[in-house]
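**Q** Handing you this structure, nothing more for now.
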Amino acid sequence: RFVEALRPRVQAIFDGLLDEITGAGEFDMLPTLAEPLPVIVIAEMLGVPDADHHLLRPWSADIVKMYELSPSTSAQHDAVRASIEFSDYLRGLALERRRRPGEDLISALVQVIEQGEMLTEDELVGTCVLLLNAGHEATVNSTLLGWWALFRHPDRLKELRADPSLLPTAIEELLRYQTPLPMFERWVLEPFELHGVAIPRGAELGLLFDSANRDPEVFEHPDELRLDRKPNPHLTFGAGIHFCLGAPLGRMELQISFGTMLERFPNLELVEEPAFRPNYVIRGLEGLRVSP
């Protein structure tokens with residue numbers, strides 16, 4: 001219900017972003033649309049002033065470098081620096097909200113700290129960093145990966161343009177088809193056996209969500225892009241106690257952005273084939289140049 005109440009504001013934000021590029025010719029979807037929408041939404045939820053919105057994406061991009069497999073020394077340094085800078089910023093913002101509370105999430109969390117309800121300032125900072133990273137990183141990459149999949153399947157794009165009612169199932173299929181977070185690490189709490197292999201307590205596993213989303217025992221013709229696929233029990237948002245808390249928000253942002261783009265730019269075309277970022281755990285494109 002909370003997320004659904006945000007729908008008019010999210011729509012207004014995206015309409016404004018489109019207004020800025022309308023008539024400008026070809027553009028890169030990453031910095032103009034895919035990044036700003038979820039960053040602005042999560043920043044407004046947290047209560048970050050408009051003048052500071054530009055700080056959030058670079059901090060997040062550096063922080064998530066620590067999630068990659070065997071990050072370089074420079075990537076580790078970037079992650080530590082960004083973590084410190086963002087933490088310091090949030091502590092300052094929390095202090096300001098103590099003096100002048102608002103209707104935002106940081107103001108609410110500060111009140112929990114002052115009431116002594118088992119939330120420390122460190123936990124407030126950690127929660128806000130998590131919300132920033134999780135609240136937009138995957139949505140940014142899902143947007144570009146989704147459009148790239150549609151451009152590679154022009155018949156599917158034509159189908160979606162002709163029948164906008166397919167949008168909800170199309171978004172789920174695009175999330176399944178090219179997963180923005182193809183692997184997550186998990187630690188085994190209880191020993192078990194899998195296909196004759198003993199997995200001990202404490203083992204660290206790499207769960208390949210990307211592989212699960214192409215499981216032929218679950219998905220009929222898993223390598224095909226089917227915009228009307230039902231059921232679609234993909235694992236892009238995780239499962240169980242690890243199911244993504246922001247799934248409703250991510251779905252809504254994707255539905256609004258794709259639906260509005262299809263309506264306002266019905267002849268959108270790819271200008272050049274994109275390049276993937278040299279990552280594995282967090283999959284994304286360097287950019288996506290298109291022409292309206």
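Residue names in the structure tokens use chain letters A, B, ... in the order shown, residue numbers from 1 in each chain, and ligand numbers from 1 in the order shown.
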Which residues of region 84-157 of chain A have any atom within 12 Å of an atom in region 232-238 of chain A when counting only C-alpha atoms, and what is the closest pair of atoms for each, with the distance in Å to one decimal? Order the rows by chain and rising number and write it as CSV.
**A**
```
residue,atom,partner,partner_atom,distance
A:Ala134,CA,A:Phe237,CA,10.9
A:Ala138,CA,A:Phe237,CA,9.7
A:Thr139,CA,A:Phe237,CA,11.1
A:Ser142,CA,A:Thr236,CA,10.1
```
**Q** Just C-alpha atoms for this one: save the residues we selected as a compact mmCIF listing (two decimals), in the first residue's frame.
**A**
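Output file selection_16.txt is given in full below:
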```txt
# COMPACT_ATOMS: atom_id res chain seq x y z
CA ALA A 134 19.20 -1.99 -3.08
CA ALA A 138 19.18 -3.35 -9.69
CA THR A 139 16.41 -1.15 -11.12
CA SER A 142 17.07 -3.98 -15.17
```
**Q** Hey, what's within 7 Å of region 49-61 of chain A if we count only C-alpha atoms and toss same-chain stuff fewer than 6 positions away? As an NGL selection string, please?
**A** :A and (39-40 or 43 or 82 or 86 or 133)
**Q** With distances taken over only C-alpha atoms, which residue among A:Asp28, A:Glu263, A:Val110, A:Leu46 lies nearest Asp163 (chain A)?
**A** A:Glu263
**Q** Extract, using only C-alpha atoms, all DNA, RNA and protein residues at most 10 Å from Glu4 (chain A), discarding same-chain residues fewer than 6 positions from it, and format them as a PyMOL selection string.
**A** chain A and resi 10+248-249+252
**Q** Store the residues picked out above in a file with N, CA, C and O atoms, as a PDB file, in the first residue's frame.
**A**
```
ATOM      1  N   VAL A  10       6.017   8.918  -8.629  1.00  0.00           N
ATOM      2  CA  VAL A  10       6.978   8.262  -9.520  1.00  0.00           C
ATOM      3  C   VAL A  10       6.655   8.595 -10.975  1.00  0.00           C
ATOM      4  O   VAL A  10       7.551   8.886 -11.783  1.00  0.00           O
ATOM      5  N   PRO A 248       8.148  -4.614  -4.754  1.00  0.00           N
ATOM      6  CA  PRO A 248       6.998  -3.841  -5.252  1.00  0.00           C
ATOM      7  C   PRO A 248       7.407  -2.491  -5.836  1.00  0.00           C
ATOM      8  O   PRO A 248       6.856  -2.059  -6.856  1.00  0.00           O
ATOM      9  N   LEU A 249       8.376  -1.831  -5.212  1.00  0.00           N
ATOM     10  CA  LEU A 249       8.832  -0.532  -5.722  1.00  0.00           C
ATOM     11  C   LEU A 249       9.552  -0.699  -7.049  1.00  0.00           C
ATOM     12  O   LEU A 249       9.316   0.064  -7.994  1.00  0.00           O
ATOM     13  N   MET A 252       7.060  -1.389  -9.810  1.00  0.00           N
ATOM     14  CA  MET A 252       6.289  -0.210 -10.168  1.00  0.00           C
ATOM     15  C   MET A 252       7.121   0.748 -11.010  1.00  0.00           C
ATOM     16  O   MET A 252       6.647   1.293 -12.015  1.00  0.00           O
TER      17      MET A 252
END
```
**Q** If you count only C-alpha atoms, which residues fall within 10 Å of Gly202 (chain A), apart from same-chain ones fewer than 5 positions away, as a compact mmCIF listing (two decimals) with N, CA and C atoms, in the first residue's frame?
**A**
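The result, stored in result36.txt:
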```txt
# COMPACT_ATOMS: atom_id res chain seq x y z
N ARG A 186 25.61 -17.34 -0.23
CA ARG A 186 24.88 -17.70 0.98
C ARG A 186 25.72 -18.67 1.80
N TRP A 187 25.51 -18.63 3.12
CA TRP A 187 26.24 -19.52 4.02
C TRP A 187 25.29 -20.57 4.59
N VAL A 188 25.75 -21.82 4.62
CA VAL A 188 24.92 -22.95 5.02
C VAL A 188 24.79 -23.00 6.54
N LEU A 189 23.56 -22.98 7.03
CA LEU A 189 23.32 -23.02 8.48
C LEU A 189 23.15 -24.45 8.99
N GLU A 190 22.65 -25.32 8.15
CA GLU A 190 22.46 -26.72 8.54
C GLU A 190 22.98 -27.61 7.41
N PRO A 191 23.72 -28.67 7.74
CA PRO A 191 24.25 -29.56 6.69
C PRO A 191 23.13 -30.26 5.93
```
**Q** Write out as a PDB file with N, CA, C and O atoms, in the first residue's frame all residues of region 58-284 of chain A that backbone DSSP assigns to strand (DSSP E or B).
**A**
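The new file out26.pdb reads:
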```pdb
ATOM      1  N   MET A 183      24.227 -13.718  -9.380  1.00  0.00           N
ATOM      2  CA  MET A 183      24.746 -14.598  -8.344  1.00  0.00           C
ATOM      3  C   MET A 183      24.708 -13.933  -6.978  1.00  0.00           C
ATOM      4  O   MET A 183      24.987 -12.744  -6.860  1.00  0.00           O
ATOM      5  N   PHE A 184      24.346 -14.720  -5.976  1.00  0.00           N
ATOM      6  CA  PHE A 184      24.433 -14.271  -4.587  1.00  0.00           C
ATOM      7  C   PHE A 184      25.124 -15.340  -3.761  1.00  0.00           C
ATOM      8  O   PHE A 184      24.971 -16.530  -4.015  1.00  0.00           O
ATOM      9  N   GLU A 185      25.891 -14.907  -2.785  1.00  0.00           N
ATOM     10  CA  GLU A 185      26.537 -15.840  -1.869  1.00  0.00           C
ATOM     11  C   GLU A 185      25.634 -16.092  -0.666  1.00  0.00           C
ATOM     12  O   GLU A 185      24.997 -15.179  -0.166  1.00  0.00           O
ATOM     13  N   ARG A 186      25.609 -17.345  -0.229  1.00  0.00           N
ATOM     14  CA  ARG A 186      24.875 -17.701   0.976  1.00  0.00           C
ATOM     15  C   ARG A 186      25.719 -18.668   1.800  1.00  0.00           C
ATOM     16  O   ARG A 186      26.530 -19.422   1.263  1.00  0.00           O
ATOM     17  N   TRP A 187      25.512 -18.634   3.118  1.00  0.00           N
ATOM     18  CA  TRP A 187      26.242 -19.522   4.024  1.00  0.00           C
ATOM     19  C   TRP A 187      25.286 -20.567   4.586  1.00  0.00           C
ATOM     20  O   TRP A 187      24.162 -20.255   4.985  1.00  0.00           O
ATOM     21  N   PHE A 192      23.351 -30.503   4.640  1.00  0.00           N
ATOM     22  CA  PHE A 192      22.376 -31.224   3.831  1.00  0.00           C
ATOM     23  C   PHE A 192      23.100 -31.881   2.660  1.00  0.00           C
ATOM     24  O   PHE A 192      24.309 -31.682   2.466  1.00  0.00           O
ATOM     25  N   GLU A 193      22.365 -32.645   1.902  1.00  0.00           N
ATOM     26  CA  GLU A 193      22.933 -33.333   0.742  1.00  0.00           C
ATOM     27  C   GLU A 193      22.203 -32.892  -0.506  1.00  0.00           C
ATOM     28  O   GLU A 193      20.969 -32.797  -0.528  1.00  0.00           O
ATOM     29  N   LEU A 194      22.958 -32.600  -1.572  1.00  0.00           N
ATOM     30  CA  LEU A 194      22.379 -32.136  -2.828  1.00  0.00           C
ATOM     31  C   LEU A 194      22.948 -32.986  -3.960  1.00  0.00           C
ATOM     32  O   LEU A 194      24.159 -32.950  -4.220  1.00  0.00           O
ATOM     33  N   VAL A 197      25.945 -34.910  -3.079  1.00  0.00           N
ATOM     34  CA  VAL A 197      27.095 -34.150  -2.558  1.00  0.00           C
ATOM     35  C   VAL A 197      26.754 -33.635  -1.166  1.00  0.00           C
ATOM     36  O   VAL A 197      25.722 -32.977  -0.971  1.00  0.00           O
ATOM     37  N   ALA A 198      27.612 -33.946  -0.185  1.00  0.00           N
ATOM     38  CA  ALA A 198      27.394 -33.480   1.183  1.00  0.00           C
ATOM     39  C   ALA A 198      27.804 -32.021   1.304  1.00  0.00           C
ATOM     40  O   ALA A 198      28.938 -31.649   0.969  1.00  0.00           O
ATOM     41  N   ILE A 199      26.896 -31.162   1.753  1.00  0.00           N
ATOM     42  CA  ILE A 199      27.148 -29.733   1.949  1.00  0.00           C
ATOM     43  C   ILE A 199      27.209 -29.482   3.451  1.00  0.00           C
ATOM     44  O   ILE A 199      26.189 -29.564   4.133  1.00  0.00           O
ATOM     45  N   GLU A 204      30.238 -21.913   2.128  1.00  0.00           N
ATOM     46  CA  GLU A 204      29.796 -20.729   1.383  1.00  0.00           C
ATOM     47  C   GLU A 204      29.417 -21.161  -0.026  1.00  0.00           C
ATOM     48  O   GLU A 204      30.219 -21.778  -0.727  1.00  0.00           O
ATOM     49  N   LEU A 205      28.203 -20.857  -0.418  1.00  0.00           N
ATOM     50  CA  LEU A 205      27.700 -21.257  -1.719  1.00  0.00           C
ATOM     51  C   LEU A 205      27.470 -20.044  -2.614  1.00  0.00           C
ATOM     52  O   LEU A 205      27.045 -18.993  -2.148  1.00  0.00           O
ATOM     53  N   GLY A 206      27.739 -20.225  -3.885  1.00  0.00           N
ATOM     54  CA  GLY A 206      27.394 -19.224  -4.881  1.00  0.00           C
ATOM     55  C   GLY A 206      26.132 -19.683  -5.595  1.00  0.00           C
ATOM     56  O   GLY A 206      26.160 -20.662  -6.342  1.00  0.00           O
ATOM     57  N   LEU A 207      25.014 -19.024  -5.322  1.00  0.00           N
ATOM     58  CA  LEU A 207      23.746 -19.413  -5.926  1.00  0.00           C
ATOM     59  C   LEU A 207      23.562 -18.673  -7.249  1.00  0.00           C
ATOM     60  O   LEU A 207      23.544 -17.438  -7.287  1.00  0.00           O
ATOM     61  N   LEU A 208      23.442 -19.428  -8.317  1.00  0.00           N
ATOM     62  CA  LEU A 208      23.348 -18.852  -9.650  1.00  0.00           C
ATOM     63  C   LEU A 208      21.884 -18.628 -10.028  1.00  0.00           C
ATOM     64  O   LEU A 208      21.235 -19.470 -10.629  1.00  0.00           O
ATOM     65  N   GLU A 269      14.379   3.611 -31.217  1.00  0.00           N
ATOM     66  CA  GLU A 269      15.297   2.701 -31.901  1.00  0.00           C
ATOM     67  C   GLU A 269      16.659   2.700 -31.222  1.00  0.00           C
ATOM     68  O   GLU A 269      17.080   3.715 -30.646  1.00  0.00           O
ATOM     69  N   LEU A 270      17.348   1.577 -31.333  1.00  0.00           N
ATOM     70  CA  LEU A 270      18.707   1.463 -30.821  1.00  0.00           C
ATOM     71  C   LEU A 270      19.664   2.128 -31.795  1.00  0.00           C
ATOM     72  O   LEU A 270      19.579   1.925 -33.009  1.00  0.00           O
ATOM     73  N   PHE A 276      28.813  -4.316 -22.179  1.00  0.00           N
ATOM     74  CA  PHE A 276      28.556  -4.682 -20.791  1.00  0.00           C
ATOM     75  C   PHE A 276      29.671  -4.158 -19.901  1.00  0.00           C
ATOM     76  O   PHE A 276      30.833  -4.080 -20.306  1.00  0.00           O
TER      77      PHE A 276
END
```
**Q** Nearest to Met66 (chain A): which of A:Leu109, A:Ala79, A:Leu150, A:Ala247 is it, counting only C-alpha atoms?
**A**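 When distances to Met66 (chain A) are compared using only C-alpha atoms, the smallest one comes from A:Ala79.
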**Q** Could you tell me how far CA of Asp210 (chain A) sits from CA of Ile63 (chain A), in Å to one decimal place?
**A**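 Answer for the CA of Ile63 (chain A) to CA of Asp210 (chain A) separation: 22.9 Å.
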**Q** Within 12 Å of Phe151 (chain A), counting only C-alpha atoms, which residues show up once you throw out same-chain ones fewer than 2 positions away? Write them as a ChimeraX atom specification, please.
**A** /A:144-149,153-158,160,174,225,267-274,288-290
**Q** Please save N, CA, C and O atoms of the selected residues as a compact mmCIF listing (two decimals), in the first residue's frame.
**A**
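To be explicit, this is the file written out as again_4.txt:
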```
# COMPACT_ATOMS: atom_id res chain seq x y z
N LEU A 144 17.99 -1.02 -18.43
CA LEU A 144 18.79 -1.11 -19.66
C LEU A 144 18.79 -2.52 -20.23
O LEU A 144 18.68 -2.71 -21.44
N LEU A 145 18.94 -3.53 -19.35
CA LEU A 145 18.93 -4.91 -19.82
C LEU A 145 17.59 -5.27 -20.46
O LEU A 145 17.54 -6.00 -21.46
N GLY A 146 16.50 -4.75 -19.90
CA GLY A 146 15.18 -5.02 -20.45
C GLY A 146 15.01 -4.43 -21.84
O GLY A 146 14.54 -5.10 -22.77
N TRP A 147 15.42 -3.18 -22.00
CA TRP A 147 15.31 -2.55 -23.32
C TRP A 147 16.24 -3.22 -24.33
O TRP A 147 15.88 -3.40 -25.49
N TRP A 148 17.42 -3.60 -23.90
CA TRP A 148 18.37 -4.28 -24.78
C TRP A 148 17.77 -5.60 -25.26
O TRP A 148 17.89 -5.97 -26.43
N ALA A 149 17.09 -6.34 -24.38
CA ALA A 149 16.44 -7.58 -24.77
C ALA A 149 15.34 -7.31 -25.79
O ALA A 149 15.18 -8.06 -26.77
N HIS A 153 14.93 -8.44 -29.84
CA HIS A 153 13.77 -9.22 -30.24
C HIS A 153 12.70 -8.27 -30.77
O HIS A 153 11.68 -8.00 -30.11
N PRO A 154 12.90 -7.73 -31.95
CA PRO A 154 11.98 -6.70 -32.48
C PRO A 154 10.53 -7.17 -32.58
O PRO A 154 9.62 -6.35 -32.43
N ASP A 155 10.32 -8.47 -32.79
CA ASP A 155 8.93 -8.95 -32.84
C ASP A 155 8.26 -8.82 -31.48
O ASP A 155 7.06 -8.51 -31.39
N ARG A 156 9.02 -9.06 -30.41
CA ARG A 156 8.47 -8.92 -29.06
C ARG A 156 8.19 -7.45 -28.75
O ARG A 156 7.20 -7.12 -28.11
N LEU A 157 9.10 -6.56 -29.19
CA LEU A 157 8.89 -5.13 -28.96
C LEU A 157 7.65 -4.66 -29.72
O LEU A 157 6.84 -3.88 -29.18
N LYS A 158 7.49 -5.13 -30.94
CA LYS A 158 6.30 -4.79 -31.73
C LYS A 158 5.04 -5.30 -31.03
O LYS A 158 4.01 -4.61 -30.98
N LEU A 160 4.60 -5.77 -27.80
CA LEU A 160 4.33 -4.98 -26.61
C LEU A 160 3.77 -3.61 -26.97
O LEU A 160 2.88 -3.09 -26.29
N LEU A 174 11.14 -9.91 -18.62
CA LEU A 174 12.42 -9.23 -18.84
C LEU A 174 13.33 -9.40 -17.63
O LEU A 174 14.55 -9.55 -17.78
N LEU A 225 12.14 -15.45 -25.20
CA LEU A 225 11.54 -14.29 -24.54
C LEU A 225 10.05 -14.31 -24.83
O LEU A 225 9.62 -14.05 -25.96
N ASN A 267 8.42 5.00 -31.55
CA ASN A 267 9.37 4.58 -32.60
C ASN A 267 10.80 4.52 -32.08
O ASN A 267 11.75 4.62 -32.87
N LEU A 268 10.97 4.33 -30.79
CA LEU A 268 12.30 4.29 -30.19
C LEU A 268 13.16 3.23 -30.86
O LEU A 268 12.73 2.08 -31.03
N GLU A 269 14.38 3.61 -31.22
CA GLU A 269 15.30 2.70 -31.90
C GLU A 269 16.66 2.70 -31.22
O GLU A 269 17.08 3.72 -30.65
N LEU A 270 17.35 1.58 -31.33
CA LEU A 270 18.71 1.46 -30.82
C LEU A 270 19.66 2.13 -31.80
O LEU A 270 19.58 1.93 -33.01
N VAL A 271 20.59 2.94 -31.28
CA VAL A 271 21.56 3.63 -32.12
C VAL A 271 22.80 2.79 -32.33
O VAL A 271 23.34 2.69 -33.43
N GLU A 272 23.30 2.17 -31.27
CA GLU A 272 24.50 1.34 -31.37
C GLU A 272 24.44 0.22 -30.34
O GLU A 272 23.81 0.37 -29.28
N GLU A 273 25.09 -0.89 -30.64
CA GLU A 273 25.09 -2.02 -29.72
C GLU A 273 25.84 -1.65 -28.44
O GLU A 273 26.95 -1.11 -28.50
N PRO A 274 25.25 -1.91 -27.29
CA PRO A 274 25.89 -1.50 -26.03
C PRO A 274 26.99 -2.46 -25.60
O PRO A 274 27.08 -3.59 -26.09
N LEU A 288 23.15 2.90 -23.04
CA LEU A 288 22.26 2.42 -24.10
C LEU A 288 21.79 3.64 -24.89
O LEU A 288 20.88 4.36 -24.50
N ARG A 289 22.44 3.85 -26.05
CA ARG A 289 22.12 4.99 -26.89
C ARG A 289 20.94 4.66 -27.79
O ARG A 289 20.93 3.65 -28.49
N VAL A 290 19.94 5.53 -27.73
CA VAL A 290 18.71 5.31 -28.50
C VAL A 290 18.31 6.59 -29.21
O VAL A 290 18.78 7.69 -28.88
```
**Q** Just list as a PyMOL selection string whatever in region 48-283 of chain A DSSP marks as helix (DSSP H, G or I).
**A** chain A and resi 50-67+73-99+105-114+121-152+154-162+164-177+209-212+240-242+247-264
